[in-house]
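Raw contents of start-v5.tsv, TSV, C-alpha atoms and all ligand atoms:
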chain	number	residue	atom	x	y	z
X	1	MET	CA	101.12	98.45	83.46
X	2	GLN	CA	101.18	98.65	87.26
X	3	TYR	CA	101.66	101.55	89.66
X	4	LEU	CA	104.91	101.19	91.64
X	5	HIS	CA	105.75	104.30	93.66
X	6	THR	CA	105.85	108.07	93.87
X	7	MET	CA	109.28	109.64	94.31
X	8	VAL	CA	109.82	112.88	96.19
X	9	ARG	CA	113.16	114.59	96.68
X	10	VAL	CA	113.79	115.56	100.31
X	11	SER	CA	116.26	118.13	101.62
X	12	ASP	CA	116.68	116.59	105.09
X	13	LEU	CA	116.32	112.80	105.21
X	14	ASP	CA	116.16	112.61	109.02
X	15	ALA	CA	113.44	115.26	109.19
X	16	SER	CA	111.51	113.52	106.41
X	17	LEU	CA	111.79	110.10	108.06
X	18	HIS	CA	110.63	111.65	111.34
X	19	PHE	CA	107.58	113.02	109.50
X	20	TYR	CA	106.64	110.10	107.24
X	21	ARG	CA	107.75	107.24	109.56
X	22	ASP	CA	107.59	108.45	113.17
X	23	LEU	CA	104.60	110.79	112.85
X	24	LEU	CA	102.53	109.53	109.89
X	25	GLY	CA	103.34	105.88	110.73
X	26	MET	CA	104.83	104.70	107.43
X	27	GLU	CA	107.35	101.85	107.50
X	28	GLU	CA	110.75	101.60	105.81
X	29	VAL	CA	110.76	98.76	103.30
X	30	SER	CA	114.26	99.23	101.83
X	31	ARG	CA	116.98	101.76	101.15
X	32	GLN	CA	119.81	102.23	98.68
X	33	GLU	CA	122.95	104.29	99.36
X	34	ASN	CA	124.60	105.35	96.10
X	35	GLU	CA	128.16	106.54	96.74
X	36	LYS	CA	128.83	107.27	93.06
X	37	GLY	CA	125.66	109.27	92.54
X	38	ARG	CA	125.87	110.75	96.04
X	39	PHE	CA	122.28	110.02	96.98
X	40	THR	CA	120.15	107.83	99.21
X	41	LEU	CA	116.82	106.27	98.30
X	42	VAL	CA	114.43	105.18	101.06
X	43	PHE	CA	111.31	103.23	100.14
X	44	LEU	CA	108.38	103.58	102.56
X	45	ALA	CA	105.00	101.86	102.71
X	46	ALA	CA	101.90	102.44	104.79
X	47	PRO	CA	101.38	99.61	107.33
X	48	LYS	CA	98.44	98.15	105.40
X	49	ASP	CA	100.53	98.14	102.21
X	50	ARG	CA	103.68	96.73	103.78
X	51	GLU	CA	103.22	93.04	102.93
X	52	ARG	CA	102.34	93.79	99.31
X	53	ALA	CA	105.18	96.30	99.01
X	54	GLU	CA	107.66	93.68	100.27
X	55	GLU	CA	106.41	91.16	97.73
X	56	ASP	CA	105.56	93.36	94.78
X	57	GLN	CA	107.43	96.65	95.29
X	58	THR	CA	104.11	98.52	95.26
X	59	PRO	CA	102.58	100.79	96.46
X	60	MET	CA	105.44	102.78	97.91
X	61	LEU	CA	106.80	106.25	98.51
X	62	GLU	CA	110.41	106.72	97.38
X	63	LEU	CA	112.31	109.42	99.25
X	64	THR	CA	115.35	110.63	97.32
X	65	HIS	CA	117.99	112.47	99.31
X	66	ASN	CA	120.77	114.07	97.30
X	67	TRP	CA	123.78	114.43	99.56
X	68	ASP	CA	124.76	117.71	97.88
X	69	PRO	CA	122.12	120.35	98.69
X	70	GLU	CA	119.89	121.40	95.80
X	71	GLU	CA	117.13	123.96	95.46
X	72	TYR	CA	113.83	122.21	94.67
X	73	GLY	CA	111.31	124.65	93.16
X	74	SER	CA	107.63	124.90	94.13
X	75	GLY	CA	106.60	122.21	91.60
X	76	ARG	CA	103.02	123.46	91.80
X	77	ASN	CA	102.06	120.87	89.19
X	78	PHE	CA	102.52	118.18	91.85
X	79	GLY	CA	99.36	118.01	93.99
X	80	HIS	CA	99.51	115.67	96.97
X	81	LEU	CA	99.99	112.22	98.40
X	82	ALA	CA	96.78	110.79	99.91
X	83	TYR	CA	96.48	108.28	102.76
X	84	ARG	CA	93.45	106.63	104.36
X	85	VAL	CA	93.66	106.77	108.16
X	86	ALA	CA	91.84	105.05	111.04
X	87	ASP	CA	91.29	108.13	113.26
X	88	ILE	CA	91.84	111.46	111.57
X	89	TYR	CA	91.36	113.45	114.79
X	90	ALA	CA	93.93	111.39	116.73
X	91	LEU	CA	96.46	111.61	113.88
X	92	CYS	CA	96.00	115.37	113.44
X	93	GLU	CA	96.39	115.85	117.20
X	94	LYS	CA	99.63	113.81	117.14
X	95	LEU	CA	100.92	115.77	114.14
X	96	GLN	CA	100.00	119.13	115.70
X	97	ASP	CA	101.56	118.14	119.04
X	98	ASN	CA	104.77	117.42	117.11
X	99	GLY	CA	104.89	120.77	115.38
X	100	VAL	CA	103.20	119.92	112.07
X	101	THR	CA	100.84	122.61	110.75
X	102	ILE	CA	97.36	121.27	109.96
X	103	ASN	CA	96.78	123.36	106.84
X	104	ARG	CA	93.25	122.03	106.27
X	105	PRO	CA	91.78	120.90	109.61
X	106	PRO	CA	89.44	117.83	109.68
X	107	ARG	CA	86.39	120.01	110.43
X	108	ASP	CA	84.11	117.45	108.80
X	109	GLY	CA	85.72	114.42	110.45
X	110	HIS	CA	86.66	113.25	106.96
X	111	MET	CA	89.54	115.10	105.30
X	112	ALA	CA	92.63	117.03	106.39
X	113	PHE	CA	95.74	118.33	104.65
X	114	VAL	CA	99.21	118.74	106.16
X	115	LYS	CA	102.62	119.34	104.58
X	116	SER	CA	105.89	117.42	104.74
X	117	PRO	CA	109.10	119.18	105.80
X	118	ASP	CA	109.70	119.89	102.07
X	119	GLY	CA	106.19	121.29	101.56
X	120	ILE	CA	104.71	118.20	99.90
X	121	SER	CA	100.97	118.26	100.48
X	122	ILE	CA	99.60	115.20	102.29
X	123	GLU	CA	95.87	114.44	102.18
X	124	LEU	CA	94.51	112.42	105.11
X	125	LEU	CA	91.15	110.73	104.60
X	126	GLN	CA	89.12	109.03	107.37
X	127	VAL	CA	88.32	105.36	106.82
X	128	GLY	CA	84.58	104.75	106.35
X	129	GLU	CA	82.04	107.17	107.82
X	130	ASN	CA	83.06	110.69	108.76
X	131	LEU	CA	83.74	111.13	112.47
X	132	ALA	CA	81.29	113.32	114.45
X	133	PRO	CA	82.32	117.00	114.54
X	134	LYS	CA	84.75	117.58	117.43
X	135	GLU	CA	86.45	120.65	118.85
X	136	PRO	CA	88.92	122.20	118.31
X	137	TRP	CA	88.81	120.80	114.77
X	138	ALA	CA	85.17	121.71	114.05
X	139	SER	CA	85.80	125.46	114.38
X	140	MET	CA	89.41	125.65	113.11
X	141	GLU	CA	90.18	127.75	110.05
X	142	ASN	CA	92.47	126.72	107.19
X	143	THR	CA	96.12	127.68	107.58
X	144	GLY	CA	97.46	128.95	104.26
X	145	SER	CA	97.14	126.82	101.14
X	146	TRP	CA	98.01	123.17	100.45
X	201	LIG	C1	115.13	103.03	92.19
X	201	LIG	C2	114.19	103.71	91.22
X	201	LIG	O1	112.90	103.72	91.77
X	201	LIG	C3	114.55	105.12	90.94
X	201	LIG	O2	113.68	105.99	90.91
X	201	LIG	S1	116.19	105.49	90.63
X	201	LIG	C4	115.97	106.84	89.47
X	201	LIG	C5	117.12	107.78	89.46
X	201	LIG	N1	117.29	108.41	90.76
X	201	LIG	C6	118.41	109.09	91.03
X	201	LIG	O3	119.36	109.13	90.27
X	201	LIG	C7	118.39	109.79	92.39
X	201	LIG	C8	119.37	110.93	92.46
X	201	LIG	C9	119.17	112.03	91.40
X	201	LIG	N2	120.14	113.05	91.61
X	201	LIG	C10	117.76	112.62	91.51
X	201	LIG	O4	117.59	113.60	92.27
X	201	LIG	O5	116.84	112.07	90.86
X	201	LIG	C11	116.87	108.81	88.40
X	201	LIG	O6	116.99	108.49	87.23
X	201	LIG	N3	116.41	110.01	88.80
X	201	LIG	C12	116.05	111.01	87.80
X	201	LIG	C13	114.60	111.38	87.97
X	201	LIG	O7	114.13	112.28	87.24
X	201	LIG	O8	113.93	110.78	88.84
X	202	NI	NI	111.75	105.47	91.38

Write the structure described by the file as structure tokens, please.
Amino acid sequence: MQYLHTMVRVSDLDASLHFYRDLLGMEEVSRQENEKGRFTLVFLAAPKDRERAEEDQTPMLELTHNWDPEEYGSGRNFGHLAYRVADIYALCEKLQDNGVTINRPPRDGHMAFVKSPDGISIELLQVGENLAPKEPWASMENTGSW
């Protein structure tokens, strides 16, 4: 058995692509428009996973956009998507500057949590050693839950 992808349903495909692609830095690998089923699938990969995803269809994130609006419940049983990042402070600053709430700030230079436009929790983990504590992150409080 081999892990392939995680699928999340998104209410607004443009907003989700802006978040996952433009802000988080993921890359679109492929997409499928299904006229009969009235949905679009967009497969994304993190830059370091892109070559493998092209060749082996893994690991990827599959965004499913149903053209007809649906209510997606809280799905509390789903936890988060986790990504390793090169500079957690720089990424959190970029996300915050673009209106994303940093629910769990990277106080320790190691871990942060943010949420997608649909409320999917995203864990960001610093590559290698934790970064040195840095304001404003070092003294920021958590914002709600994740
Ligand atoms: C391409 C492959 O990775 C898929 O996951 S297709 C699975 C298929 N998806 C859909 O039909 C998308 C639209 C549907 N209305 C939905 O919201 O899922 C499917 O079987 N989905 C059912 C599921 O539970 O994932
Ligand atoms: Ni799938």

If we count only C-alpha atoms, what is near Tyr89 in chain X at a cut-off of 10 Å, once residues fewer than 3 positions away on the same chain are taken out, given as a short mmCIF file (atom, residue, chain, number, x, y, z; two decimals) with C-alpha atoms, keeping the file's coordinate frame?
data_model
loop_
_atom_site.label_atom_id
_atom_site.label_comp_id
_atom_site.auth_asym_id
_atom_site.auth_seq_id
_atom_site.Cartn_x
_atom_site.Cartn_y
_atom_site.Cartn_z
CA VAL X 85 93.66 106.77 108.16
CA ALA X 86 91.84 105.05 111.04
CA CYS X 92 96.00 115.37 113.44
CA GLU X 93 96.39 115.85 117.20
CA LYS X 94 99.63 113.81 117.14
CA LEU X 95 100.92 115.77 114.14
CA PRO X 105 91.78 120.90 109.61
CA PRO X 106 89.44 117.83 109.68
CA ARG X 107 86.39 120.01 110.43
CA GLY X 109 85.72 114.42 110.45
CA HIS X 110 86.66 113.25 106.96
CA MET X 111 89.54 115.10 105.30
CA ALA X 112 92.63 117.03 106.39
CA GLN X 126 89.12 109.03 107.37
CA LEU X 131 83.74 111.13 112.47
CA PRO X 133 82.32 117.00 114.54
CA LYS X 134 84.75 117.58 117.43
CA GLU X 135 86.45 120.65 118.85
CA PRO X 136 88.92 122.20 118.31
CA TRP X 137 88.81 120.80 114.77
#

*Using all atoms listed in the file, determine which residues lie at most 7 Å from Thr40 in chain X, disregarding the query and same-chain residues fewer than 2 positions distant; provide the list as an MDAnalysis selection string.*
chainID X and resid 32:34 42 64:66

*Write out as a VMD selection string each polymer residue (protein, DNA or RNA) that has an atom no more than 7 Å from ligand NI 202 (chain X), with all atoms listed in the file counted.*
chain X and resid 5 to 7 62

Hey, could you make a per-residue contact list for chain X against ligand LIG 201 (chain X) with 12 Å as the cut-off, showing the nearest pair of atoms and its distance in Å to one decimal, counting all atoms listed in the file, sorted by chain and number, as CSV?
residue,atom,partner,partner_atom,distance
X:Tyr3,CA,X:LIG201,O1,11.6
X:Leu4,CA,X:LIG201,O1,8.4
X:His5,CA,X:LIG201,O1,7.4
X:Thr6,CA,X:LIG201,O1,8.5
X:Met7,CA,X:LIG201,O2,6.7
X:Val8,CA,X:LIG201,O8,8.7
X:Arg9,CA,X:LIG201,O4,6.3
X:Val10,CA,X:LIG201,O4,9.1
X:Ser11,CA,X:LIG201,O4,10.5
X:Ser30,CA,X:LIG201,C1,10.4
X:Arg31,CA,X:LIG201,C1,9.2
X:Gln32,CA,X:LIG201,C1,8.0
X:Glu33,CA,X:LIG201,C7,10.0
X:Asn34,CA,X:LIG201,C8,8.5
X:Glu35,CA,X:LIG201,C8,10.7
X:Lys36,CA,X:LIG201,O3,10.0
X:Gly37,CA,X:LIG201,C8,6.5
X:Arg38,CA,X:LIG201,C8,7.4
X:Phe39,CA,X:LIG201,C8,5.5
X:Thr40,CA,X:LIG201,C7,7.3
X:Leu41,CA,X:LIG201,C7,7.1
X:Val42,CA,X:LIG201,C1,9.2
X:Phe43,CA,X:LIG201,O1,8.5
X:Leu44,CA,X:LIG201,O1,11.7
X:Gln57,CA,X:LIG201,O1,9.6
X:Thr58,CA,X:LIG201,O1,10.8
X:Pro59,CA,X:LIG201,O1,11.7
X:Met60,CA,X:LIG201,O1,9.7
X:Leu61,CA,X:LIG201,O1,9.4
X:Glu62,CA,X:LIG201,O1,6.8
X:Leu63,CA,X:LIG201,O2,9.1
X:Thr64,CA,X:LIG201,C7,5.9
X:His65,CA,X:LIG201,O4,7.1
X:Asn66,CA,X:LIG201,N2,5.8
X:Trp67,CA,X:LIG201,N2,8.9
X:Asp68,CA,X:LIG201,N2,9.1
X:Pro69,CA,X:LIG201,O4,10.4
X:Glu70,CA,X:LIG201,O4,8.9
X:Glu71,CA,X:LIG201,O4,10.8
X:Tyr72,CA,X:LIG201,O4,9.7

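Residues surrounding Val127 in chain X within 8 Å are Arg84, Val85, Ala86, Asp87, Leu125, Glu129 and Asn130 of chain X [all atoms listed in the file; sequence separation below 2 positions excluded].
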
_One-decimal distance in Å that lies between CA of Gly99 in chain X and CA of Glu28 in chain X_ =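 Computed distance, CA of Glu28 in chain X to CA of Gly99 in chain X, equals 22.2 Å.
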
Please, could N, CA and C atoms be added to range 6-42 of chain X and the result written as a short mmCIF file (atom, residue, chain, number, x, y, z; two decimals), in the coordinates of the input?
data_model
loop_
_atom_site.label_atom_id
_atom_site.label_comp_id
_atom_site.auth_asym_id
_atom_site.auth_seq_id
_atom_site.Cartn_x
_atom_site.Cartn_y
_atom_site.Cartn_z
N THR X 6 105.70 106.64 94.14
CA THR X 6 105.85 108.07 93.87
C THR X 6 107.17 108.50 94.51
N MET X 7 108.00 109.19 93.77
CA MET X 7 109.28 109.64 94.31
C MET X 7 109.22 111.13 94.63
N VAL X 8 109.67 111.47 95.84
CA VAL X 8 109.82 112.88 96.19
C VAL X 8 111.25 113.10 96.64
N ARG X 9 111.82 114.25 96.22
CA ARG X 9 113.16 114.59 96.68
C ARG X 9 113.03 115.32 98.01
N VAL X 10 113.87 114.96 98.97
CA VAL X 10 113.79 115.56 100.31
C VAL X 10 115.13 116.22 100.65
N SER X 11 115.04 117.37 101.29
CA SER X 11 116.26 118.13 101.62
C SER X 11 116.95 117.58 102.86
N ASP X 12 116.12 117.07 103.82
CA ASP X 12 116.68 116.59 105.09
C ASP X 12 116.08 115.21 105.34
N LEU X 13 116.86 114.17 105.14
CA LEU X 13 116.32 112.80 105.21
C LEU X 13 115.84 112.47 106.62
N ASP X 14 116.59 112.91 107.64
CA ASP X 14 116.16 112.61 109.02
C ASP X 14 114.82 113.27 109.33
N ALA X 15 114.70 114.55 108.92
CA ALA X 15 113.44 115.26 109.19
C ALA X 15 112.28 114.59 108.42
N SER X 16 112.57 114.15 107.21
CA SER X 16 111.51 113.52 106.41
C SER X 16 111.13 112.16 106.98
N LEU X 17 112.11 111.39 107.45
CA LEU X 17 111.79 110.10 108.06
C LEU X 17 111.02 110.30 109.37
N HIS X 18 111.38 111.36 110.11
CA HIS X 18 110.63 111.65 111.34
C HIS X 18 109.17 111.94 110.99
N PHE X 19 108.95 112.67 109.91
CA PHE X 19 107.58 113.02 109.50
C PHE X 19 106.84 111.80 108.96
N TYR X 20 107.38 111.18 107.92
CA TYR X 20 106.64 110.10 107.24
C TYR X 20 106.59 108.83 108.09
N ARG X 21 107.69 108.52 108.81
CA ARG X 21 107.75 107.24 109.56
C ARG X 21 107.26 107.42 111.00
N ASP X 22 107.89 108.34 111.73
CA ASP X 22 107.59 108.45 113.17
C ASP X 22 106.23 109.09 113.43
N LEU X 23 105.87 110.09 112.60
CA LEU X 23 104.60 110.79 112.85
C LEU X 23 103.43 110.21 112.04
N LEU X 24 103.62 110.05 110.71
CA LEU X 24 102.53 109.53 109.89
C LEU X 24 102.37 108.02 110.10
N GLY X 25 103.46 107.31 110.48
CA GLY X 25 103.34 105.88 110.73
C GLY X 25 103.74 104.98 109.57
N MET X 26 104.38 105.54 108.54
CA MET X 26 104.83 104.70 107.43
C MET X 26 106.02 103.86 107.89
N GLU X 27 106.28 102.79 107.12
CA GLU X 27 107.35 101.85 107.50
C GLU X 27 108.40 101.77 106.40
N GLU X 28 109.67 101.71 106.81
CA GLU X 28 110.75 101.60 105.81
C GLU X 28 110.80 100.18 105.27
N VAL X 29 110.71 100.06 103.96
CA VAL X 29 110.76 98.76 103.30
C VAL X 29 112.19 98.45 102.85
N SER X 30 112.87 99.45 102.28
CA SER X 30 114.26 99.23 101.83
C SER X 30 114.93 100.58 101.62
N ARG X 31 116.27 100.54 101.48
CA ARG X 31 116.98 101.76 101.15
C ARG X 31 118.22 101.42 100.32
N GLN X 32 118.61 102.41 99.52
CA GLN X 32 119.81 102.23 98.68
C GLN X 32 120.70 103.45 98.91
N GLU X 33 121.97 103.21 99.24
CA GLU X 33 122.95 104.29 99.36
C GLU X 33 123.79 104.25 98.08
N ASN X 34 123.84 105.35 97.35
CA ASN X 34 124.60 105.35 96.10
C ASN X 34 125.78 106.30 96.22
N GLU X 35 126.95 105.72 96.52
CA GLU X 35 128.16 106.54 96.74
C GLU X 35 128.52 107.32 95.47
N LYS X 36 128.42 106.65 94.34
CA LYS X 36 128.83 107.27 93.06
C LYS X 36 127.91 108.45 92.72
N GLY X 37 126.62 108.21 92.87
CA GLY X 37 125.66 109.27 92.54
C GLY X 37 125.44 110.25 93.67
N ARG X 38 125.99 109.90 94.85
CA ARG X 38 125.87 110.75 96.04
C ARG X 38 124.41 111.00 96.42
N PHE X 39 123.67 109.89 96.56
CA PHE X 39 122.28 110.02 96.98
C PHE X 39 121.84 108.77 97.72
N THR X 40 120.78 108.94 98.48
CA THR X 40 120.15 107.83 99.21
C THR X 40 118.69 107.73 98.79
N LEU X 41 118.25 106.52 98.58
CA LEU X 41 116.82 106.27 98.30
C LEU X 41 116.25 105.49 99.47
N VAL X 42 115.12 105.93 99.99
CA VAL X 42 114.43 105.18 101.06
C VAL X 42 113.01 104.91 100.60
#
